[in-house]
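A.B. asks: If it helps, the file is called work.txt and holds compact mmCIF, C-alpha atoms and all ligand atoms:
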```txt
# COMPACT_ATOMS: atom_id res chain seq x y z
CA MET A 1276 6.29 -81.22 -13.00
CA LEU A 1277 5.23 -84.39 -14.74
CA THR A 1278 7.99 -86.09 -16.66
CA ALA A 1279 7.19 -87.37 -20.15
CA ALA A 1280 7.04 -90.91 -18.77
CA LEU A 1281 4.59 -89.98 -16.04
CA LEU A 1282 2.52 -88.00 -18.52
CA GLN A 1283 2.35 -91.13 -20.66
CA ILE A 1284 1.00 -93.07 -17.67
CA ALA A 1285 -1.51 -90.34 -16.94
CA MET A 1286 -2.75 -90.54 -20.51
CA GLU A 1287 -3.04 -94.33 -20.41
CA GLN A 1288 -5.23 -93.99 -17.34
CA THR A 1289 -7.51 -91.32 -18.68
CA SER A 1290 -8.35 -92.33 -22.24
CA ALA A 1291 -12.07 -92.13 -23.08
CA GLY A 1292 -12.35 -95.88 -23.55
CA PRO A 1293 -11.54 -98.71 -25.94
CA ASP A 1294 -13.11 -99.22 -29.35
CA GLY A 1295 -15.90 -101.70 -29.92
CA PHE A 1296 -18.15 -100.40 -27.14
CA ASN A 1297 -21.23 -98.26 -27.40
CA TYR A 1298 -20.71 -94.52 -27.10
CA ASP A 1299 -23.83 -93.63 -29.09
CA GLU A 1300 -26.86 -92.54 -27.07
CA SER A 1301 -29.21 -93.64 -29.86
CA LYS A 1302 -27.93 -97.23 -29.45
CA VAL A 1303 -28.71 -97.50 -25.74
CA PRO A 1304 -31.15 -100.43 -25.52
CA ALA A 1305 -34.66 -99.96 -24.15
CA TYR A 1306 -34.54 -100.98 -20.49
CA THR A 1307 -36.72 -101.14 -17.41
CA LEU A 1308 -35.08 -100.47 -14.08
CA PRO A 1309 -36.05 -102.35 -10.94
CA ASP A 1310 -38.00 -99.99 -8.67
CA ALA A 1311 -36.03 -99.10 -5.54
CA LEU A 1312 -39.29 -98.51 -3.68
CA THR A 1313 -40.96 -101.85 -4.49
CA CYS A 1314 -40.11 -104.78 -2.22
CA VAL A 1315 -39.39 -108.29 -3.44
CA ASP A 1316 -42.94 -109.31 -2.38
CA GLY A 1317 -44.39 -106.50 -4.52
CA SER A 1318 -45.36 -104.24 -1.61
CA LYS A 1319 -44.58 -100.52 -1.94
CA VAL A 1320 -42.33 -98.59 0.39
CA ALA A 1321 -44.11 -95.44 1.53
CA THR A 1322 -42.30 -94.46 4.74
CA PRO A 1323 -38.71 -94.11 5.96
CA THR A 1324 -39.42 -96.86 8.49
CA GLN A 1325 -40.46 -99.32 5.78
CA TRP A 1326 -37.31 -98.42 3.86
CA GLN A 1327 -35.01 -98.85 6.85
CA SER A 1328 -36.63 -101.97 8.28
CA LYS A 1329 -37.36 -103.89 5.10
CA ARG A 1330 -36.31 -102.63 1.68
CA ARG A 1331 -32.84 -101.44 2.63
CA ALA A 1332 -32.00 -104.89 3.97
CA GLU A 1333 -33.39 -106.56 0.84
CA LEU A 1334 -31.26 -104.42 -1.46
CA LEU A 1335 -28.17 -104.84 0.67
CA LYS A 1336 -28.64 -108.61 0.47
CA LEU A 1337 -29.04 -108.52 -3.31
CA PHE A 1338 -25.91 -106.39 -3.81
CA THR A 1339 -24.04 -108.66 -1.40
CA GLU A 1340 -25.07 -111.93 -3.02
CA GLN A 1341 -25.07 -110.86 -6.66
CA VAL A 1342 -22.54 -108.05 -7.08
CA TYR A 1343 -19.89 -107.41 -4.41
CA GLY A 1344 -19.98 -110.62 -2.39
CA ARG A 1345 -20.33 -111.44 1.27
CA THR A 1346 -17.87 -109.81 3.69
CA PRO A 1347 -17.08 -111.87 6.81
CA SER A 1348 -18.16 -110.22 10.01
CA ALA A 1349 -15.69 -112.04 12.27
CA ALA A 1350 -13.57 -109.85 14.51
CA VAL A 1351 -9.88 -109.39 13.74
CA THR A 1352 -7.15 -108.38 16.15
CA VAL A 1353 -5.85 -104.93 15.23
CA LYS A 1354 -2.65 -103.33 16.45
CA GLU A 1355 -2.18 -99.63 15.86
CA GLU A 1356 1.48 -98.75 15.33
CA LEU A 1357 2.09 -95.02 15.24
CA VAL A 1358 5.00 -94.37 12.92
CA GLU A 1359 5.26 -90.62 13.39
CA THR A 1360 3.48 -87.33 13.99
CA ALA A 1361 5.29 -84.35 12.50
CA PRO A 1362 4.76 -80.84 11.13
CA ALA A 1363 4.28 -80.89 7.36
CA LEU A 1364 3.32 -78.90 4.27
CA ASN A 1365 5.24 -75.76 5.26
CA GLY A 1366 3.69 -75.66 8.68
CA LEU A 1367 0.09 -75.83 7.43
CA ALA A 1368 -0.53 -79.36 8.58
CA THR A 1369 0.36 -82.11 10.97
CA ARG A 1370 1.27 -85.34 9.22
CA LYS A 1371 0.53 -88.59 10.95
CA GLN A 1372 1.57 -92.01 9.66
CA LEU A 1373 0.27 -95.13 11.19
CA ARG A 1374 0.31 -98.83 10.47
CA LEU A 1375 -2.76 -100.91 11.21
CA VAL A 1376 -1.68 -104.53 11.71
CA PHE A 1377 -4.39 -107.17 11.43
CA GLU A 1378 -4.00 -110.71 12.75
CA ARG A 1379 -6.29 -113.68 12.51
CA ASN A 1380 -5.84 -117.41 11.97
CA GLY A 1381 -2.07 -117.03 12.00
CA VAL A 1382 -2.21 -114.55 9.10
CA THR A 1383 -0.90 -110.98 9.42
CA ARG A 1384 -1.61 -108.07 7.09
CA HIS A 1385 -0.98 -104.35 7.40
CA ILE A 1386 -2.44 -101.16 6.05
CA ASP A 1387 -0.38 -97.96 6.18
CA VAL A 1388 -2.54 -94.93 6.82
CA LEU A 1389 -1.39 -91.42 5.92
CA MET A 1390 -3.14 -88.46 7.53
CA TYR A 1391 -2.85 -84.70 7.29
CA PHE A 1392 -4.67 -82.43 9.72
CA PRO A 1393 -4.83 -78.63 9.57
CA VAL A 1394 -2.70 -77.03 12.31
CA LYS A 1395 -5.38 -74.36 12.65
CA ALA A 1396 -8.00 -76.93 13.63
CA THR A 1397 -9.76 -76.43 16.92
CA GLY A 1398 -10.54 -79.87 18.33
CA ARG A 1399 -11.51 -82.85 16.23
CA VAL A 1400 -11.56 -82.11 12.52
CA PRO A 1401 -13.97 -83.14 9.79
CA ALA A 1402 -12.08 -85.14 7.19
CA PHE A 1403 -12.09 -86.86 3.82
CA LEU A 1404 -11.17 -90.53 3.72
CA GLY A 1405 -10.31 -92.40 0.55
CA LEU A 1406 -8.05 -95.07 -0.88
CA ASN A 1407 -5.32 -94.16 -3.34
CA PHE A 1408 -4.20 -95.96 -6.49
CA HIS A 1409 -0.41 -96.05 -6.36
CA GLY A 1410 0.72 -95.68 -2.75
CA ASN A 1411 0.56 -93.04 -0.04
CA HIS A 1412 3.77 -91.49 -1.38
CA THR A 1413 1.96 -90.57 -4.60
CA VAL A 1414 -0.65 -88.43 -2.82
CA SER A 1415 1.81 -85.62 -2.03
CA ALA A 1416 5.42 -84.86 -2.90
CA ASP A 1417 6.11 -84.65 0.85
CA PRO A 1418 9.40 -86.64 1.04
CA ALA A 1419 8.66 -88.05 4.50
CA ILE A 1420 5.82 -90.27 3.33
CA ARG A 1421 6.71 -93.94 3.71
CA LEU A 1422 6.83 -96.03 0.57
CA PRO A 1423 4.49 -99.00 0.51
CA ASP A 1424 6.24 -102.35 0.96
CA THR A 1425 3.40 -104.27 -0.69
CA TRP A 1426 2.83 -105.00 -4.40
CA VAL A 1427 2.70 -102.04 -6.75
CA GLU A 1428 1.65 -102.05 -10.37
CA PRO A 1429 4.68 -102.11 -12.70
CA LYS A 1430 4.99 -98.93 -14.79
CA PRO A 1431 7.69 -99.64 -17.39
CA ALA A 1432 7.22 -96.18 -18.91
CA ALA A 1433 8.32 -94.64 -15.59
CA GLY A 1434 11.14 -97.13 -15.12
CA LEU A 1435 9.15 -99.19 -12.61
CA THR A 1436 9.63 -102.69 -13.93
CA ASN A 1437 9.19 -104.71 -10.77
CA ASN A 1438 6.44 -104.62 -8.17
CA ARG A 1439 8.18 -102.44 -5.61
CA ALA A 1440 7.50 -98.77 -4.92
CA THR A 1441 10.30 -96.27 -5.50
CA ASP A 1442 10.83 -92.56 -4.99
CA LYS A 1443 10.06 -91.98 -8.65
CA MET A 1444 6.31 -91.90 -8.11
CA ARG A 1445 6.34 -89.43 -5.20
CA GLY A 1446 3.62 -86.84 -5.70
CA PHE A 1447 2.39 -88.53 -8.88
CA GLU A 1448 -1.25 -88.38 -7.74
CA ALA A 1449 -1.00 -85.04 -5.90
CA SER A 1450 -3.43 -83.33 -8.25
CA LEU A 1451 -6.05 -85.97 -7.46
CA TRP A 1452 -5.84 -85.19 -3.75
CA GLN A 1453 -5.32 -81.42 -3.54
CA VAL A 1454 -4.10 -81.87 0.03
CA GLU A 1455 -3.13 -78.20 0.54
CA LYS A 1456 -6.52 -77.00 -0.67
CA VAL A 1457 -8.40 -79.43 1.58
CA ILE A 1458 -6.26 -78.48 4.60
CA ALA A 1459 -6.75 -74.76 3.93
CA ARG A 1460 -10.49 -75.32 4.05
CA GLY A 1461 -10.16 -76.90 7.51
CA TYR A 1462 -10.53 -80.58 6.65
CA GLY A 1463 -8.22 -83.48 7.30
CA VAL A 1464 -7.14 -85.99 4.65
CA VAL A 1465 -6.90 -89.69 5.49
CA THR A 1466 -5.73 -92.16 2.88
CA ALA A 1467 -4.38 -95.68 2.41
CA TYR A 1468 -3.10 -97.64 -0.56
CA ARG A 1469 -5.39 -100.14 -2.33
CA GLY A 1470 -2.46 -102.55 -2.78
CA ASP A 1471 -2.04 -102.96 1.00
CA ILE A 1472 -5.59 -104.33 1.05
CA PHE A 1473 -5.92 -106.22 -2.20
CA PRO A 1474 -3.13 -106.07 -4.81
CA ASP A 1475 -5.11 -105.09 -7.88
CA HIS A 1476 -4.47 -108.00 -10.23
CA PRO A 1477 -6.27 -111.29 -10.87
CA ASP A 1478 -3.94 -113.23 -8.54
CA GLY A 1479 -4.04 -110.59 -5.80
CA LEU A 1480 -6.16 -112.66 -3.43
CA ALA A 1481 -3.25 -114.52 -1.78
CA GLU A 1482 -1.58 -111.30 -0.61
CA SER A 1483 -4.85 -109.52 0.18
CA VAL A 1484 -6.61 -109.21 3.53
CA ILE A 1485 -9.00 -112.01 2.54
CA PRO A 1486 -6.76 -114.86 3.91
CA LEU A 1487 -7.29 -113.35 7.36
CA PHE A 1488 -10.68 -115.04 6.99
CA GLN A 1489 -10.50 -117.62 4.19
CA ASN A 1490 -8.32 -118.89 1.36
CA GLU A 1491 -10.95 -120.01 -1.11
CA LEU A 1492 -13.80 -117.94 -2.47
CA ALA A 1493 -17.32 -119.26 -3.06
CA PRO A 1494 -19.30 -117.50 -5.86
CA GLY A 1495 -21.12 -115.33 -3.34
CA ASP A 1496 -17.99 -114.26 -1.42
CA TRP A 1497 -16.26 -110.89 -1.39
CA ASN A 1498 -13.37 -110.01 -3.64
CA ALA A 1499 -11.25 -106.88 -4.16
CA MET A 1500 -14.20 -104.44 -4.00
CA GLY A 1501 -15.41 -106.05 -0.80
CA ALA A 1502 -11.91 -106.02 0.68
CA TRP A 1503 -11.35 -102.35 -0.18
CA ALA A 1504 -14.72 -101.46 1.37
CA TRP A 1505 -13.92 -103.56 4.47
CA ALA A 1506 -10.65 -101.67 4.92
CA LEU A 1507 -12.42 -98.29 4.73
CA SER A 1508 -14.62 -99.38 7.63
CA ARG A 1509 -11.58 -100.59 9.59
CA ILE A 1510 -9.90 -97.20 9.08
CA TYR A 1511 -13.12 -95.60 10.30
CA ASP A 1512 -12.94 -97.80 13.43
CA HIS A 1513 -9.43 -96.52 14.05
CA LEU A 1514 -10.47 -92.88 13.62
CA GLU A 1515 -13.41 -93.44 15.95
CA ARG A 1516 -11.04 -94.75 18.64
CA GLY A 1517 -8.72 -91.78 18.19
CA ARG A 1518 -9.04 -88.06 18.89
CA ASP A 1519 -8.05 -86.40 15.64
CA VAL A 1520 -11.13 -86.76 13.48
CA ASP A 1521 -14.73 -85.87 14.15
CA THR A 1522 -16.04 -89.14 12.76
CA HIS A 1523 -19.58 -87.74 12.57
CA ARG A 1524 -18.19 -85.45 9.90
CA LEU A 1525 -16.29 -87.92 7.77
CA ALA A 1526 -16.72 -87.84 4.00
CA LEU A 1527 -15.79 -90.99 2.12
CA ILE A 1528 -14.39 -90.32 -1.34
CA GLY A 1529 -13.28 -92.58 -4.16
CA HIS A 1530 -12.29 -92.20 -7.78
CA SER A 1531 -13.11 -94.71 -10.46
CA ARG A 1532 -12.62 -98.31 -9.20
CA LEU A 1533 -12.01 -96.84 -5.77
CA GLY A 1534 -15.26 -94.88 -6.20
CA LYS A 1535 -17.05 -98.19 -6.71
CA ALA A 1536 -15.44 -99.39 -3.48
CA ALA A 1537 -16.40 -96.16 -1.66
CA LEU A 1538 -20.03 -96.56 -2.72
CA TRP A 1539 -20.08 -100.16 -1.54
CA ALA A 1540 -18.48 -99.18 1.78
CA GLY A 1541 -20.92 -96.29 2.21
CA ALA A 1542 -23.87 -98.50 1.32
CA GLN A 1543 -22.99 -101.07 3.99
CA ASP A 1544 -21.60 -98.87 6.74
CA GLU A 1545 -23.99 -96.13 7.78
CA ARG A 1546 -21.37 -94.36 9.88
CA PHE A 1547 -19.96 -92.59 6.81
CA GLY A 1548 -21.59 -89.15 6.88
CA ILE A 1549 -21.10 -88.24 3.21
CA VAL A 1550 -20.24 -90.50 0.29
CA ILE A 1551 -18.62 -89.15 -2.88
CA SER A 1552 -18.35 -91.07 -6.13
CA ASN A 1553 -15.93 -89.51 -8.59
CA ASN A 1554 -16.26 -91.03 -12.08
CA SER A 1555 -17.02 -94.48 -10.65
CA GLY A 1556 -18.78 -95.78 -13.78
CA GLU A 1557 -19.66 -99.45 -14.34
CA GLY A 1558 -20.13 -101.41 -11.12
CA GLY A 1559 -20.34 -98.02 -9.36
CA ALA A 1560 -22.74 -95.15 -10.00
CA ALA A 1561 -23.52 -95.83 -13.70
CA LEU A 1562 -26.66 -97.74 -14.69
CA ALA A 1563 -25.50 -101.11 -16.04
CA ARG A 1564 -28.64 -101.59 -18.14
CA ARG A 1565 -27.70 -98.70 -20.44
CA CYS A 1566 -24.73 -100.71 -21.76
CA PHE A 1567 -23.03 -97.41 -22.61
CA GLY A 1568 -19.22 -97.42 -22.44
CA GLU A 1569 -17.92 -100.16 -20.16
CA THR A 1570 -20.23 -103.18 -19.84
CA THR A 1571 -20.71 -105.74 -17.12
CA LYS A 1572 -18.98 -108.37 -19.23
CA ARG A 1573 -16.03 -106.11 -19.86
CA VAL A 1574 -15.47 -105.17 -16.23
CA ASN A 1575 -15.81 -108.82 -15.17
CA THR A 1576 -13.37 -109.93 -17.87
CA SER A 1577 -10.70 -107.25 -17.42
CA PHE A 1578 -10.94 -107.34 -13.63
CA PRO A 1579 -12.16 -110.83 -12.66
CA HIS A 1580 -11.00 -110.21 -9.10
CA TRP A 1581 -13.15 -107.13 -8.37
CA PHE A 1582 -16.67 -108.46 -7.96
CA CYS A 1583 -18.06 -111.75 -6.66
CA GLY A 1584 -18.32 -114.84 -8.83
CA ASN A 1585 -22.12 -114.53 -9.05
CA PHE A 1586 -21.84 -111.15 -10.77
CA LYS A 1587 -20.37 -112.84 -13.84
CA GLN A 1588 -23.71 -114.46 -14.64
CA TYR A 1589 -24.92 -111.01 -15.74
CA ASN A 1590 -22.32 -110.67 -18.50
CA ASP A 1591 -24.38 -109.66 -21.57
CA LYS A 1592 -27.49 -110.11 -19.40
CA GLU A 1593 -27.76 -106.78 -17.63
CA ALA A 1594 -31.56 -106.82 -17.93
CA SER A 1595 -31.74 -109.87 -15.69
CA MET A 1596 -29.89 -108.25 -12.77
CA PRO A 1597 -32.12 -107.97 -9.74
CA VAL A 1598 -30.63 -104.52 -8.97
CA ASP A 1599 -29.03 -101.59 -10.75
CA ALA A 1600 -26.78 -98.71 -9.74
CA HIS A 1601 -29.56 -96.33 -8.63
CA GLU A 1602 -30.33 -98.80 -5.83
CA LEU A 1603 -26.71 -98.86 -4.70
CA LEU A 1604 -26.87 -95.06 -4.45
CA ALA A 1605 -30.20 -95.30 -2.63
CA LEU A 1606 -28.52 -97.41 0.05
CA ILE A 1607 -26.63 -94.25 1.06
CA ALA A 1608 -29.94 -92.44 1.80
CA PRO A 1609 -30.69 -90.31 3.74
CA ARG A 1610 -27.00 -89.42 4.12
CA PRO A 1611 -25.62 -86.82 1.70
CA LEU A 1612 -24.30 -88.32 -1.51
CA TYR A 1613 -22.35 -86.70 -4.35
CA VAL A 1614 -21.93 -88.19 -7.81
CA ALA A 1615 -19.54 -86.57 -10.28
CA SER A 1616 -18.88 -87.27 -13.95
CA ALA A 1617 -16.46 -85.93 -16.56
CA ALA A 1618 -17.62 -84.98 -20.04
CA GLU A 1619 -14.87 -86.85 -21.89
CA ASP A 1620 -15.08 -89.91 -19.64
CA LEU A 1621 -17.54 -91.78 -21.85
CA TRP A 1622 -16.20 -95.13 -20.63
CA ALA A 1623 -17.81 -94.38 -17.24
CA ASP A 1624 -21.12 -93.33 -18.87
CA PRO A 1625 -21.70 -89.81 -17.46
CA LYS A 1626 -25.38 -89.87 -18.40
CA GLY A 1627 -25.85 -93.23 -16.70
CA GLU A 1628 -24.23 -91.77 -13.57
CA PHE A 1629 -26.55 -88.75 -13.70
CA LEU A 1630 -29.70 -90.83 -14.22
CA SER A 1631 -28.83 -93.15 -11.41
CA ALA A 1632 -28.31 -90.19 -9.01
CA LYS A 1633 -31.58 -88.66 -10.18
CA ILE A 1634 -33.58 -91.88 -9.76
CA ALA A 1635 -31.98 -92.64 -6.37
CA SER A 1636 -33.28 -89.23 -5.32
CA GLU A 1637 -36.78 -90.78 -5.08
CA VAL A 1638 -35.57 -92.59 -1.98
CA TYR A 1639 -34.14 -89.35 -0.57
CA ALA A 1640 -37.56 -87.72 -1.15
CA LEU A 1641 -39.09 -90.38 1.10
CA PHE A 1642 -36.97 -88.90 3.90
CA GLY A 1643 -37.96 -85.34 2.98
CA LYS A 1644 -34.52 -84.81 1.46
CA LYS A 1645 -33.89 -83.02 -1.80
CA GLY A 1646 -31.86 -84.96 -4.28
CA VAL A 1647 -31.22 -84.23 -7.94
CA GLU A 1648 -34.48 -82.70 -9.09
CA VAL A 1649 -33.55 -81.29 -12.50
CA ALA A 1650 -35.21 -83.04 -15.45
CA GLU A 1651 -32.16 -83.19 -17.71
CA GLN A 1652 -28.46 -83.73 -17.15
CA PRO A 1653 -27.06 -80.26 -16.36
CA SER A 1654 -24.54 -78.48 -18.58
CA VAL A 1655 -20.87 -78.91 -17.78
CA ASN A 1656 -19.54 -77.25 -14.63
CA THR A 1657 -23.04 -76.59 -13.26
CA PRO A 1658 -23.51 -78.50 -9.99
CA VAL A 1659 -27.09 -79.43 -9.06
CA GLY A 1660 -28.87 -81.09 -6.15
CA VAL A 1661 -28.98 -80.59 -2.41
CA ASP A 1662 -28.75 -83.85 -0.45
CA VAL A 1663 -27.71 -85.70 -3.59
CA GLY A 1664 -25.24 -83.52 -5.47
CA TYR A 1665 -24.22 -84.03 -9.08
CA HIS A 1666 -21.95 -82.35 -11.58
CA ILE A 1667 -20.37 -83.12 -14.89
CA ARG A 1668 -17.22 -81.15 -15.46
CA THR A 1669 -15.24 -80.57 -18.60
CA GLY A 1670 -12.32 -82.89 -19.24
CA ILE A 1671 -11.21 -86.46 -18.80
CA HIS A 1672 -11.44 -89.26 -16.24
CA ASP A 1673 -9.66 -87.68 -13.26
CA VAL A 1674 -10.12 -85.90 -9.95
CA THR A 1675 -9.44 -82.19 -10.38
CA ALA A 1676 -9.32 -79.00 -8.32
CA TYR A 1677 -12.79 -78.22 -9.67
CA ASP A 1678 -14.15 -81.53 -8.33
CA TRP A 1679 -12.60 -80.88 -4.92
CA GLU A 1680 -14.10 -77.38 -4.74
CA GLN A 1681 -17.56 -78.90 -5.19
CA TYR A 1682 -16.89 -81.60 -2.58
CA LEU A 1683 -15.58 -79.06 -0.08
CA ASP A 1684 -18.61 -76.79 -0.61
CA PHE A 1685 -20.89 -79.82 -0.27
CA ALA A 1686 -19.17 -80.86 2.97
CA ASP A 1687 -19.40 -77.27 4.30
CA ARG A 1688 -23.14 -77.25 3.56
CA HIS A 1689 -23.84 -80.57 5.26
CA PHE A 1690 -21.27 -80.67 8.05
CA GLY A 1691 -20.98 -76.91 8.68
CA LYS A 1692 -17.84 -74.92 7.91
CA PRO A 1693 -14.89 -76.11 9.99
CA ASN A 1694 -13.73 -73.78 12.75
CA LEU A 1695 -10.16 -72.60 12.28
CA LYS A 1696 -7.89 -70.62 14.59
CA LYS A 1697 -7.12 -67.15 13.29
C1 LIG A 1701 -10.74 -99.13 -15.96
C2 LIG A 1701 -12.02 -99.87 -15.64
C3 LIG A 1701 -13.02 -98.98 -14.90
C4 LIG A 1701 -12.36 -98.32 -13.72
C5 LIG A 1701 -11.10 -97.60 -14.17
C6 LIG A 1701 -10.28 -96.98 -13.05
O1 LIG A 1701 -10.97 -98.16 -16.92
O2 LIG A 1701 -12.55 -100.35 -16.83
O3 LIG A 1701 -14.13 -99.74 -14.46
O4 LIG A 1701 -13.25 -97.45 -13.08
O5 LIG A 1701 -10.24 -98.53 -14.81
O6 LIG A 1701 -10.34 -97.45 -11.93
O7 LIG A 1701 -9.53 -96.05 -13.35
```
Represent the structure of the file as structure tokens.

C.D. replies:
Amino acid sequence: MLTAALLQIAMEQTSAGPDGFNYDESKVPAYTLPDALTCVDGSKVATPTQWQSKRRAELLKLFTEQVYGRTPSAAVTVKEELVETAPALNGLATRKQLRLVFERNGVTRHIDVLMYFPVKATGRVPAFLGLNFHGNHTVSADPAIRLPDTWVEPKPAAGLTNNRATDKMRGFEASLWQVEKVIARGYGVVTAYRGDIFPDHPDGLAESVIPLFQNELAPGDWNAMGAWAWALSRIYDHLERGRDVDTHRLALIGHSRLGKAALWAGAQDERFGIVISNNSGEGGAALARRCFGETTKRVNTSFPHWFCGNFKQYNDKEASMPVDAHELLALIAPRPLYVASAAEDLWADPKGEFLSAKIASEVYALFGKKGVEVAEQPSVNTPVGVDVGYHIRTGIHDVTAYDWEQYLDFADRHFGKPNLKK
């Protein structure tokens, strides 16, 4: 049950969007998108080899330098501290909690990873990996989940007035994760808290993972989005070393800002087998040039710590960006990609998310893959697409049981249904 205070928080997080922004389709400016299949030198990409050997690298460089910033490639020492392995969720799952400790240049940071695996699994399991907003303890009401000891966002309405996690928020995000449903379908769930990686406020840098590598940021350097994406790859490294997860069948999922981070992680790191963007909006799946709902200026102003310094030069100048969101999505090709919108989530520009998935599908076609081939945005609750999936569901900015059903079906189609013991 949500208390009134928690309901209030949920409402703050899901409102359609502030006033003073464009929510009128007739006011979307005329725009021309950069062509994903035309190289910087004007040559056309006609084969998967040309895409992989030339254009993909060009786009990755542009997104790195102009949008998300450069991520250092230096190695970091990682210690894996297993906290516990225990039966959980009424015997349906095994819960594993682990702390990844990173050390470099005399700096130490940790990321707590929470995992649930179905007890009926036979061998390594396919899994969903994603970051959570408010701490691992908010993903399920399971009382054994460790509270984060890093910065948490104050929530005065819920009595959280300092920056420390408390029991009050246990299970607060459970509906966004649907752990029991995912486990019943034979998949594992792996999650970590965004605040362990980069505390999500403009001064979060000092406590983030970035000081493992540097203390000052140049305009082309990574920031919170880059750090969150980096951490997803480090969690993948851990899973690859272990025996629980079939890392060839790992779906990366992210909601909203964490959907932007999931897309950026999936674009850079080709080991992620499926990438899912749930209502990621501006700086994620939505076309920036439409200037519908949240704008580049707004995201850079409200969240100056998310993108790289160079991205700010496109405030009110979306048309001059060398890239747009369809090219970020194309960087996932030919791996399966799912983009989801919500009808009342105008702030994230559902139509801009649809169009970007549809246009990115041209790159999938190059690989003989079938993306979103419908001419118009589908009606609500009508999923479309094969290798690029898309749906717009009824309701607000959120991750719901309906969204998860589509993601699980999509994973079954691409990874094969998980084998479960009878
Ligand atoms: C804000 C922000 C969005 C972001 C969202 C979220 O609304 O403007 O860009 O996606 O928060 O992460 O919930």

A.B. asks: Show me which residues are within 6 Å of ligand LIG 1701 (chain A) counting all atoms listed in the file, and format the list as an NGL selection string.

C.D. replies: :A and (1531-1532 or 1555-1557 or 1574)

A.B. asks: Would you kindly return, as a PyMOL selection string, each protein, DNA or RNA residue with an atom no farther than 9 Å from any atom of Ser1508 in chain A, considering only C-alpha atoms and excluding same-chain residues fewer than 6 positions away?

C.D. replies: chain A and resi 1540-1541+1544+1546-1547

A.B. asks: Counting all atoms listed in the file, which residue out of A:Thr1307, A:Thr1339, A:Thr1436, A:Thr1313 sits closest to Arg1565 in chain A?

C.D. replies: A:Thr1307

A.B. asks: Set out as a tab-separated table a contact list for range 1579-1685 of chain A and range 1343-1357 of chain A with a cut-off of 12 Å, giving each residue of range 1579-1685 of chain A that qualifies its closest atom pair and distance in Å to one decimal, counting only C-alpha atoms, ordered by chain and rising residue number.

C.D. replies:
```
residue	atom	partner	partner_atom	distance
A:Pro1579	CA	A:Tyr1343	CA	11.8
A:His1580	CA	A:Tyr1343	CA	10.4
A:Trp1581	CA	A:Tyr1343	CA	7.8
A:Phe1582	CA	A:Tyr1343	CA	4.9
A:Cys1583	CA	A:Gly1344	CA	4.8
A:Gly1584	CA	A:Gly1344	CA	7.9
A:Asn1585	CA	A:Gly1344	CA	8.0
A:Phe1586	CA	A:Tyr1343	CA	7.6
A:Lys1587	CA	A:Tyr1343	CA	10.9
A:Leu1603	CA	A:Tyr1343	CA	10.9
```

A.B. asks: Skipping near chain neighbours, those fewer than 4 positions away, what residues fall within 10 Å of Leu1630 in chain A using all atoms listed in the file, listed as a short mmCIF file (atom, residue, chain, number, x, y, z; two decimals) with C-alpha atoms, keeping the file's coordinate frame?

C.D. replies:
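New file out_6.cif:
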```
data_model
loop_
_atom_site.label_atom_id
_atom_site.label_comp_id
_atom_site.auth_asym_id
_atom_site.auth_seq_id
_atom_site.Cartn_x
_atom_site.Cartn_y
_atom_site.Cartn_z
CA ALA A 1560 -22.74 -95.15 -10.00
CA ALA A 1561 -23.52 -95.83 -13.70
CA LEU A 1562 -26.66 -97.74 -14.69
CA ALA A 1600 -26.78 -98.71 -9.74
CA HIS A 1601 -29.56 -96.33 -8.63
CA PRO A 1625 -21.70 -89.81 -17.46
CA LYS A 1626 -25.38 -89.87 -18.40
CA ILE A 1634 -33.58 -91.88 -9.76
CA ALA A 1635 -31.98 -92.64 -6.37
CA SER A 1636 -33.28 -89.23 -5.32
CA VAL A 1647 -31.22 -84.23 -7.94
CA ALA A 1650 -35.21 -83.04 -15.45
CA GLU A 1651 -32.16 -83.19 -17.71
CA GLN A 1652 -28.46 -83.73 -17.15
#
```

A.B. asks: To one decimal in Å, tell me the separation between CA of Trp1326 in chain A and CA of Gly1501 in chain A.

C.D. replies: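 One can read the CA of Trp1326 in chain A to CA of Gly1501 in chain A distance as 23.7 Å.
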
A.B. asks: Nearest residue to Leu1533 in chain A out of A:Leu1612, A:Met1500, A:Val1388, A:Ala1563, using all atoms listed in the file?

C.D. replies: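 Going through A:Leu1612, A:Met1500, A:Val1388, A:Ala1563 one by one, the smallest distance to Leu1533 in chain A is for A:Met1500.
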
A.B. asks: What residues have an atom no more than 7 Å from (-11.0, -83.6, 11.8) in the file's own frame, counting only C-alpha atoms, and can you write them as a VMD selection string?

C.D. replies: chain A and resid 1392 1399 to 1402 1462 to 1463 1519 to 1521

A.B. asks: Which neighbours of Val1550 in chain A fall inside 12 Å, counting only C-alpha atoms, when residues of the same chain fewer than 4 positions from it are skipped, and could you give them as a ChimeraX atom specification?

C.D. replies: /A:1402-1405,1507,1524-1530,1534-1546,1560,1603-1615,1662-1664,1682,1685-1686,1689

A.B. asks: Which distance in Å separates CA of Asn1498 in chain A and CA of Ala1632 in chain A, to one decimal?

C.D. replies: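 Straight-line distance from CA of Asn1498 in chain A to CA of Ala1632 in chain A works out to 25.4 Å.
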
A.B. asks: Need the shell around range 1293-1304 of chain A: protein/DNA/RNA residues with any atom at most 10 Å away, counting only C-alpha atoms. Skip same-chain ones fewer than 6 positions apart. Format as number ranges by chain?

C.D. replies: A: 1564-1570, 1573, 1594, 1621-1622, 1624, 1626
